[in-house]
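S.K.: The structure that follows is given in the form of structure tokens.
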Amino acid sequence: MATLLSVAVVYRTMTIRAFRWALLCALFGLMWGSGYTQAQDDKTVPQTVVLANGEWSPYLSKNLPYYGVASRIVSAAFATQGVRVKYVFLPWKRAFYMAGKGEFDGTLAWRDSPSREKLFRMSDPVFMGKTVFFHTRQHRYPWSTLDDLKGLRVGETLGYIYNHLAAAEQRGLIHTERAPTDRLNFLKLAHGRIDLFPCDLTVGLWLLNTKVPPEEAAQITWSPQPLEVVGYHVLLTRTSSRSRMLLQKLNRGLAQLRREGVVQQWLKEASAPLSLTDSLRSISSAPPQSGG
């Protein structure tokens, strides 16, 4: 009887020890497996950056392929560094405000300014935009300095920065009239309510080609002399602990795309559908009809 009891105690002790050992092995395996899986995820799952932007076709739009050519360039630049981009389209002011508060990693595409550099780290230029004066073909205004435009009515769009025109307006050289959208300024231009409208050339041609009635668009051309050539950047919020790292990756990717000629090629492709360019040039080169 004593022998049987001893055997039972030994069996029970071994069973408990075996159970504990099995449990320990299982826990160790689970922890090791989680660590391995996490390590694998870190290597295989790209990092994601969330950027807010607004509608500014053909550079930025939720309705265009690649979300516009500027978005395409930024996505490709980040992709060279293993980073994915998610875009959230908002009204411009809200996109800027929310990005500045750190609710997004950043926003695009913006020109440089001291006030923006206080809130954001600024990338190298994603693209260079050329601003020109649009005008009607019946009224040409050749100019070399803004003094040559004295007394003219210049349309501006609310929310935009017109650095080159602000001083001229303060000096009383020009009279500015503001409208809510670029499209409305083009309509005002076609109907003689303003004399000049400064706008990015690519954006202006896109609007004339897609948003302005053909009869009004046919009346409009542009001055070949640029008012300014300016770079547009990605702004990465300074409140994010990873903004410096993201900035470095983005700039490396942009530099690579420029070396490969991709940026200029894509910008050229984005402008190619604007067939209105040639038609407007041919119309504007013809002499105005008498009485027109």
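Naming scheme: A, B, ... for chains in displayed order of the structure tokens; residues 1 onward per chain; ligands 1 onward as shown.
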Which neighbours of Asp112 of chain A fall inside 12 Å, counting only C-alpha atoms, when residues of the same chain fewer than 5 positions from it are skipped, and could you give them as number ranges by chain?

M.R.: A: 117-126, 128, 161, 163, 230-235

S.K.: Export, as a compact mmCIF listing (two decimals), in the first residue's frame, the selected residues with all heavy atoms.

M.R.:
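Output saved as again-v9.txt:
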# COMPACT_ATOMS: atom_id res chain seq x y z
N GLU A 117 7.33 78.18 -42.30
CA GLU A 117 8.51 77.48 -41.79
C GLU A 117 8.50 77.39 -40.27
O GLU A 117 9.20 76.55 -39.70
CB GLU A 117 9.78 78.18 -42.27
CG GLU A 117 10.03 77.99 -43.77
CD GLU A 117 11.37 78.55 -44.21
OE1 GLU A 117 12.07 79.12 -43.36
OE2 GLU A 117 11.70 78.39 -45.40
N LYS A 118 7.72 78.21 -39.60
CA LYS A 118 7.60 78.12 -38.15
C LYS A 118 6.81 76.88 -37.74
O LYS A 118 7.05 76.30 -36.68
CB LYS A 118 6.92 79.37 -37.59
CG LYS A 118 7.76 80.63 -37.73
CD LYS A 118 7.02 81.83 -37.15
CE LYS A 118 7.84 83.10 -37.30
NZ LYS A 118 7.12 84.29 -36.76
N LEU A 119 5.88 76.47 -38.56
CA LEU A 119 5.02 75.33 -38.24
C LEU A 119 5.49 74.03 -38.86
O LEU A 119 5.20 72.95 -38.34
CB LEU A 119 3.59 75.60 -38.72
CG LEU A 119 2.80 76.70 -38.02
CD1 LEU A 119 1.48 76.95 -38.73
CD2 LEU A 119 2.56 76.33 -36.56
N PHE A 120 6.21 74.13 -39.98
CA PHE A 120 6.51 72.93 -40.77
C PHE A 120 7.99 72.86 -41.14
O PHE A 120 8.68 73.87 -41.23
CB PHE A 120 5.69 72.93 -42.07
CG PHE A 120 4.21 72.91 -41.89
CD1 PHE A 120 3.48 74.09 -41.90
CD2 PHE A 120 3.53 71.72 -41.70
CE1 PHE A 120 2.10 74.10 -41.74
CE2 PHE A 120 2.15 71.70 -41.55
CZ PHE A 120 1.44 72.90 -41.57
N ARG A 121 8.42 71.64 -41.40
CA ARG A 121 9.67 71.40 -42.11
C ARG A 121 9.32 71.35 -43.60
O ARG A 121 8.37 70.69 -43.99
CB ARG A 121 10.32 70.09 -41.67
CG ARG A 121 10.59 70.02 -40.17
CD ARG A 121 11.36 68.75 -39.80
NE ARG A 121 11.35 68.53 -38.38
CZ ARG A 121 12.18 69.14 -37.52
NH1 ARG A 121 13.09 69.98 -37.99
NH2 ARG A 121 12.11 68.89 -36.23
N MET A 122 10.10 72.03 -44.41
CA MET A 122 9.76 72.21 -45.81
C MET A 122 10.66 71.36 -46.69
O MET A 122 11.89 71.40 -46.57
CB MET A 122 9.86 73.68 -46.18
CG MET A 122 9.30 74.02 -47.53
SD MET A 122 9.04 75.81 -47.72
CE MET A 122 7.78 76.11 -46.48
N SER A 123 10.06 70.60 -47.58
CA SER A 123 10.82 69.73 -48.48
C SER A 123 11.49 70.55 -49.57
O SER A 123 11.22 71.74 -49.75
CB SER A 123 9.91 68.69 -49.12
OG SER A 123 9.11 69.30 -50.13
N ASP A 124 12.36 69.90 -50.32
CA ASP A 124 12.85 70.48 -51.55
C ASP A 124 11.65 70.65 -52.49
O ASP A 124 10.62 69.99 -52.32
CB ASP A 124 13.90 69.57 -52.20
CG ASP A 124 15.16 69.48 -51.37
OD1 ASP A 124 15.39 70.39 -50.55
OD2 ASP A 124 15.91 68.50 -51.55
N PRO A 125 11.76 71.52 -53.51
CA PRO A 125 10.61 71.73 -54.40
C PRO A 125 10.17 70.43 -55.08
O PRO A 125 11.00 69.67 -55.60
CB PRO A 125 11.13 72.73 -55.43
CG PRO A 125 12.23 73.45 -54.72
CD PRO A 125 12.87 72.42 -53.83
N VAL A 126 8.87 70.18 -55.05
CA VAL A 126 8.31 69.04 -55.78
C VAL A 126 8.23 69.37 -57.26
O VAL A 126 8.52 68.54 -58.12
CB VAL A 126 6.91 68.69 -55.23
CG1 VAL A 126 6.28 67.57 -56.04
CG2 VAL A 126 7.00 68.31 -53.76
N MET A 128 8.28 73.15 -60.10
CA MET A 128 8.37 74.60 -60.26
C MET A 128 7.17 75.07 -61.08
O MET A 128 6.90 74.54 -62.16
CB MET A 128 9.67 75.00 -60.96
CG MET A 128 10.94 74.51 -60.26
SD MET A 128 11.13 75.14 -58.56
CE MET A 128 11.35 76.89 -58.91
N ILE A 161 -1.48 83.83 -52.22
CA ILE A 161 -0.46 84.83 -51.90
C ILE A 161 0.09 85.40 -53.20
O ILE A 161 0.55 84.66 -54.07
CB ILE A 161 0.68 84.21 -51.06
CG1 ILE A 161 0.13 83.73 -49.71
CG2 ILE A 161 1.81 85.21 -50.86
CD1 ILE A 161 1.18 83.02 -48.87
N ASN A 163 2.82 87.76 -53.74
CA ASN A 163 3.92 88.54 -53.18
C ASN A 163 4.34 89.68 -54.10
O ASN A 163 4.59 90.80 -53.65
CB ASN A 163 5.13 87.64 -52.91
CG ASN A 163 4.87 86.66 -51.76
OD1 ASN A 163 4.16 87.00 -50.82
ND2 ASN A 163 5.42 85.47 -51.86
N VAL A 230 8.14 79.80 -59.19
CA VAL A 230 8.21 79.50 -57.77
C VAL A 230 8.14 78.01 -57.54
O VAL A 230 7.48 77.27 -58.29
CB VAL A 230 7.07 80.22 -57.01
CG1 VAL A 230 5.71 79.74 -57.48
CG2 VAL A 230 7.21 80.07 -55.51
N GLY A 231 8.83 77.55 -56.51
CA GLY A 231 8.79 76.14 -56.14
C GLY A 231 7.65 75.84 -55.19
O GLY A 231 7.29 76.68 -54.35
N TYR A 232 7.09 74.65 -55.33
CA TYR A 232 6.01 74.19 -54.45
C TYR A 232 6.50 72.97 -53.67
O TYR A 232 7.11 72.06 -54.25
CB TYR A 232 4.75 73.88 -55.25
CG TYR A 232 4.11 75.13 -55.81
CD1 TYR A 232 4.47 75.62 -57.06
CD2 TYR A 232 3.18 75.84 -55.06
CE1 TYR A 232 3.90 76.78 -57.56
CE2 TYR A 232 2.60 77.00 -55.56
CZ TYR A 232 2.96 77.47 -56.81
OH TYR A 232 2.40 78.62 -57.28
N HIS A 233 6.21 72.96 -52.37
CA HIS A 233 6.85 72.03 -51.46
C HIS A 233 5.81 71.19 -50.69
O HIS A 233 4.64 71.54 -50.62
CB HIS A 233 7.68 72.79 -50.42
CG HIS A 233 8.59 73.82 -51.01
ND1 HIS A 233 9.93 73.63 -51.17
CD2 HIS A 233 8.33 75.08 -51.47
CE1 HIS A 233 10.49 74.71 -51.69
NE2 HIS A 233 9.53 75.61 -51.89
N VAL A 234 6.32 70.11 -50.09
CA VAL A 234 5.57 69.37 -49.07
C VAL A 234 5.93 69.97 -47.72
O VAL A 234 7.11 70.20 -47.42
CB VAL A 234 5.91 67.87 -49.08
CG1 VAL A 234 5.21 67.16 -47.92
CG2 VAL A 234 5.49 67.25 -50.40
N LEU A 235 4.91 70.25 -46.91
CA LEU A 235 5.13 70.74 -45.55
C LEU A 235 4.90 69.60 -44.58
O LEU A 235 3.83 68.99 -44.57
CB LEU A 235 4.17 71.89 -45.23
CG LEU A 235 4.13 73.08 -46.20
CD1 LEU A 235 3.16 74.14 -45.69
CD2 LEU A 235 5.51 73.66 -46.40

S.K.: List the neighbours of Leu60 of chain A out to 7 Å using only C-alpha atoms; skip same-chain residues closer than 6 positions along the sequence, and give me the result as a ChimeraX atom specification.

M.R.: /A:54,67-71

S.K.: So how far away is atom CA of Pro214 of chain A from atom CA of Arg183 of chain A, in Å?

M.R.: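 Spanning atom CA of Arg183 of chain A to atom CA of Pro214 of chain A is a straight-line distance of 13.0 Å.
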
S.K.: Nearest to Gly159 of chain A among A:Phe197, A:Tyr87, A:Lys93, A:Thr131, with distances taken over only C-alpha atoms: which residue is it?

M.R.: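 The answer is A:Lys93, which sits nearest to Gly159 of chain A.
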
S.K.: Atom CA of Pro226 of chain A and atom CA of Thr145 of chain A are how many Å apart?

M.R.: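 Spanning atom CA of Pro226 of chain A to atom CA of Thr145 of chain A is a straight-line distance of 11.1 Å.
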
S.K.: Apply DSSP to the backbone of this structure and, from segment 31-246 of chain A, keep only the residues in strand (DSSP E); write these as a VMD selection string.

M.R.: chain A and resid 47 to 53 83 to 89 106 to 110 120 to 122 127 to 136 153 to 157 175 to 179 197 to 200 220 to 237

S.K.: If you run DSSP on this backbone, which residues of segment 21-237 of chain A come out as alpha helix (DSSP H), and could you give them as an MDAnalysis selection string?

M.R.: chainID A and resid 21:44 69:79 92:100 114:119 163:170 182:190 201:210 214:217

S.K.: Give me the residues within 12 Å of Leu184 of chain A as a list in words, counting only C-alpha atoms and dropping any in the same chain fewer than 6 places off.

M.R.: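 Near Leu184 of chain A, the qualifying residues are Gly155, Glu156, Thr157, Leu158, Glu177, Arg178, Ala190, His191, Arg193, Ile194, Phe197, Gly204, Leu207, Leu208, Lys211, Val212, Pro213 and Glu216 of chain A.
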
S.K.: Which of these, A:Trp206, A:Glu55, A:Lys249, A:His135, has the shortest distance to Ala95 of chain A once you count only C-alpha atoms?

M.R.: A:Glu55

S.K.: Could you please determine the separation between atom CA of Arg84 of chain A and atom CA of Tyr160 of chain A in Å, to one decimal place?

M.R.: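 Straight-line distance from atom CA of Arg84 of chain A to atom CA of Tyr160 of chain A works out to 29.4 Å.
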
S.K.: Find, counting only C-alpha atoms, the residue in A:Pro91, A:Gly100, A:Pro198, A:Gly261 that gets nearest to Trp222 of chain A.

M.R.: A:Pro198

S.K.: Excluding Gly172 of chain A and residues on its chain fewer than 2 positions from it, collect all residues at most 12 Å away from it, counting only C-alpha atoms, and give them as a PyMOL selection string.

M.R.: chain A and resi 146-147+149-153+165-170+174-176

S.K.: Quick one: of A:Ser113, A:Thr107, A:Asn185, A:Ser75, who's nearest to Asn53 of chain A, counting only C-alpha atoms?

M.R.: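 For Asn53 of chain A, the nearest of the candidates is A:Thr107.
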
S.K.: Here is a test: counting only C-alpha atoms, which residue of A:Gly129, A:Lys62, A:Leu246, A:Arg72 is nearest to Gln265 of chain A?

M.R.: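 Between A:Gly129, A:Lys62, A:Leu246, A:Arg72, the residue approaching Gln265 of chain A most closely is A:Arg72.
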